[in-house]
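Data from data.pdb: PDB, C-alpha atoms
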ATOM      1  CA  TYR A   1       0.000   0.000   0.000  1.00  0.00           C
ATOM      2  CA  TRP A   2       1.058   3.568  -0.693  1.00  0.00           C
ATOM      3  CA  THR A   3      -0.224   6.363   1.489  1.00  0.00           C
ATOM      4  CA  THR A   4       0.874   9.571   3.154  1.00  0.00           C
ATOM      5  CA  ARG A   5       2.208  10.259   6.621  1.00  0.00           C
ATOM      6  CA  SER A   6      -0.758  12.510   7.301  1.00  0.00           C
ATOM      7  CA  THR A   7      -3.193   9.684   6.519  1.00  0.00           C
ATOM      8  CA  LEU A   8      -1.370   7.229   8.774  1.00  0.00           C
ATOM      9  CA  VAL A   9      -1.549   9.575  11.752  1.00  0.00           C
ATOM     10  CA  ALA A  10      -5.000  10.990  11.006  1.00  0.00           C
ATOM     11  CA  SER A  11      -6.496   9.310  14.083  1.00  0.00           C
ATOM     12  CA  GLY A  12      -3.782  10.605  16.415  1.00  0.00           C
ATOM     13  CA  GLU A  13      -1.090   8.635  18.229  1.00  0.00           C
ATOM     14  CA  ASN A  14      -0.791   5.086  16.923  1.00  0.00           C
ATOM     15  CA  TYR A  15       1.680   2.481  15.648  1.00  0.00           C
ATOM     16  CA  PHE A  16       2.462   4.617  12.614  1.00  0.00           C
ATOM     17  CA  SER A  17       3.163   7.808  14.531  1.00  0.00           C
ATOM     18  CA  ALA A  18       5.732   5.869  16.600  1.00  0.00           C
ATOM     19  CA  LEU A  19       7.383   4.652  13.399  1.00  0.00           C
ATOM     20  CA  ILE A  20       7.356   8.051  11.746  1.00  0.00           C
ATOM     21  CA  ASP A  21       8.776  10.000  14.680  1.00  0.00           C
ATOM     22  CA  GLY A  22      11.487   7.400  15.301  1.00  0.00           C
ATOM     23  CA  ARG A  23      10.316   5.984  18.640  1.00  0.00           C
ATOM     24  CA  TRP A  24      10.269   2.564  16.943  1.00  0.00           C
ATOM     25  CA  LYS A  25      12.744   1.431  14.337  1.00  0.00           C
ATOM     26  CA  ALA A  26      10.957   0.665  11.082  1.00  0.00           C
ATOM     27  CA  PRO A  27      12.073  -2.299   9.007  1.00  0.00           C
ATOM     28  CA  LEU A  28      12.673  -1.169   5.437  1.00  0.00           C
ATOM     29  CA  ASP A  29      12.390  -3.094   2.202  1.00  0.00           C
ATOM     30  CA  GLU A  30      15.071  -3.071  -0.499  1.00  0.00           C
ATOM     31  CA  ASP A  31      13.665   0.203  -1.887  1.00  0.00           C
ATOM     32  CA  GLY A  32      13.689   1.962   1.488  1.00  0.00           C
ATOM     33  CA  PHE A  33       9.951   1.719   2.139  1.00  0.00           C
ATOM     34  CA  ILE A  34       8.613   0.706   5.544  1.00  0.00           C
ATOM     35  CA  PHE A  35       7.835  -2.992   5.608  1.00  0.00           C
ATOM     36  CA  ILE A  36       5.052  -4.240   7.901  1.00  0.00           C
ATOM     37  CA  ASP A  37       4.516  -7.997   7.866  1.00  0.00           C
ATOM     38  CA  ARG A  38       0.748  -8.091   8.371  1.00  0.00           C
ATOM     39  CA  ASN A  39      -2.242  -9.305   6.373  1.00  0.00           C
ATOM     40  CA  GLY A  40      -2.953  -6.706   3.686  1.00  0.00           C
ATOM     41  CA  LYS A  41      -6.597  -7.617   3.253  1.00  0.00           C
ATOM     42  CA  TYR A  42      -7.221  -6.433   6.820  1.00  0.00           C
ATOM     43  CA  PHE A  43      -5.123  -3.307   6.383  1.00  0.00           C
ATOM     44  CA  GLU A  44      -7.156  -1.946   3.472  1.00  0.00           C
ATOM     45  CA  PRO A  45     -10.313  -1.140   5.519  1.00  0.00           C
ATOM     46  CA  ILE A  46      -8.128   0.284   8.293  1.00  0.00           C
ATOM     47  CA  LEU A  47      -6.475   2.571   5.779  1.00  0.00           C
ATOM     48  CA  ASP A  48      -9.920   3.607   4.529  1.00  0.00           C
ATOM     49  CA  TYR A  49     -10.900   4.405   8.127  1.00  0.00           C
ATOM     50  CA  LEU A  50      -7.815   6.580   8.535  1.00  0.00           C
ATOM     51  CA  ARG A  51      -8.678   8.380   5.304  1.00  0.00           C
ATOM     52  CA  ASN A  52     -12.335   9.118   5.989  1.00  0.00           C
ATOM     53  CA  GLY A  53     -13.082   8.355   9.659  1.00  0.00           C
ATOM     54  CA  SER A  54     -15.894   5.978   8.797  1.00  0.00           C
ATOM     55  CA  TRP A  55     -15.677   2.358  10.002  1.00  0.00           C
ATOM     56  CA  ARG A  56     -16.900  -0.275   7.560  1.00  0.00           C
ATOM     57  CA  CYS A  57     -16.112  -3.960   7.695  1.00  0.00           C
ATOM     58  CA  PRO A  58     -16.335  -5.525   4.231  1.00  0.00           C
ATOM     59  CA  SER A  59     -18.643  -8.542   4.124  1.00  0.00           C
ATOM     60  CA  HIS A  60     -15.774 -10.881   3.179  1.00  0.00           C
ATOM     61  CA  LEU A  61     -13.844 -10.067   6.376  1.00  0.00           C
ATOM     62  CA  ASP A  62     -14.395 -11.037   9.991  1.00  0.00           C
ATOM     63  CA  GLU A  63     -15.045  -7.843  11.981  1.00  0.00           C
ATOM     64  CA  ALA A  64     -13.571  -9.224  15.212  1.00  0.00           C
ATOM     65  CA  GLN A  65     -10.334 -10.018  13.418  1.00  0.00           C
ATOM     66  CA  LEU A  66     -10.387  -6.628  11.706  1.00  0.00           C
ATOM     67  CA  LEU A  67     -10.800  -4.904  15.079  1.00  0.00           C
ATOM     68  CA  GLU A  68      -7.879  -6.945  16.442  1.00  0.00           C
ATOM     69  CA  GLU A  69      -5.795  -5.684  13.533  1.00  0.00           C
ATOM     70  CA  ALA A  70      -6.801  -2.093  14.315  1.00  0.00           C
ATOM     71  CA  GLN A  71      -5.805  -2.746  17.926  1.00  0.00           C
ATOM     72  CA  PHE A  72      -2.373  -3.978  16.742  1.00  0.00           C
ATOM     73  CA  TYR A  73      -1.910  -0.606  15.041  1.00  0.00           C
ATOM     74  CA  ALA A  74      -3.159   1.153  18.229  1.00  0.00           C
ATOM     75  CA  ILE A  75      -5.996   2.757  16.277  1.00  0.00           C
ATOM     76  CA  ASP A  76      -9.078   3.529  18.353  1.00  0.00           C
ATOM     77  CA  VAL A  77     -11.958   2.664  16.052  1.00  0.00           C
ATOM     78  CA  ASN A  78     -15.382   4.191  16.596  1.00  0.00           C
ATOM     79  CA  VAL A  79     -17.701   1.287  15.751  1.00  0.00           C
ATOM     80  CA  THR A  80     -21.354   2.221  15.365  1.00  0.00           C
ATOM     81  CA  LYS A  81     -23.986  -0.325  14.528  1.00  0.00           C
TER      82      LYS A  81
END
Let's see the structure in the file written out as structure tokens.
Amino acid sequence: YWTTRSTLVASGENYFSALIDGRWKAPLDEDGFIFIDRNGKYFEPILDYLRNGSWRCPSHLDEAQLLEEAQFYAIDVNVTK
């Protein structure tokens, strides 16, 4: 995934803000991009949430697992049903 720093920290302090400000050392790929070894299909809706602030779990994903992934990234998700 390609995104901006501002998108990654749109929800405030989280996993990405710690990487960006240097509190955590980020593993880099051969091109110098941050490498995060997580399941991409669960990252896509999290990235959408960071972009627009609206939580939506796609029907092909398990919401509990998606929320666990958001928790890994220390992103406080506002789930409304």
Which residue of A:Gly32, A:Pro27, A:Gly40, A:Gly53 approaches A:Leu8 most closely, using all atoms listed in the file: A:Gly53
Near-stretch 15-21 of chain A list (8 Å; all atoms listed in the file; drop same-chain fewer than 5 positions) as a ChimeraX atom specification: /A:5,8-9,26,72-75
Selected residue of minimal separation from A:Leu61 among A:Tyr49, A:Asn78, A:Ser11, A:Tyr42, counting only C-alpha atoms: A:Tyr42
Using all atoms listed in the file: which of A:Leu50, A:Leu28, A:Leu66, A:Cys57 has the shortest distance to A:Asn14: A:Leu50
Padded axis-aligned box of stretch 64-74 of chain A (4 Å per side), centre and edge lengths, Å, one decimal, as lines of an AutoDock Vina configuration file:
center_x = -7.7
center_y = -4.4
center_z = 15.0
size_x = 19.7
size_y = 19.2
size_z = 14.5
Expansion of the PyMOL selection byres ((chain A and resi 45) around 12) into residues, as a count of residues only: 31
Given only C-alpha atoms as the counted atoms, nearest of A:Asp29, A:Asp76, A:Ile36, A:Ala64 to A:Glu13: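 For A:Glu13, the nearest of the given residues is A:Asp76.
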Atom CA of A:Asp31 to atom CA of A:Gly12, straight-line distance in Å: 27.3 Å
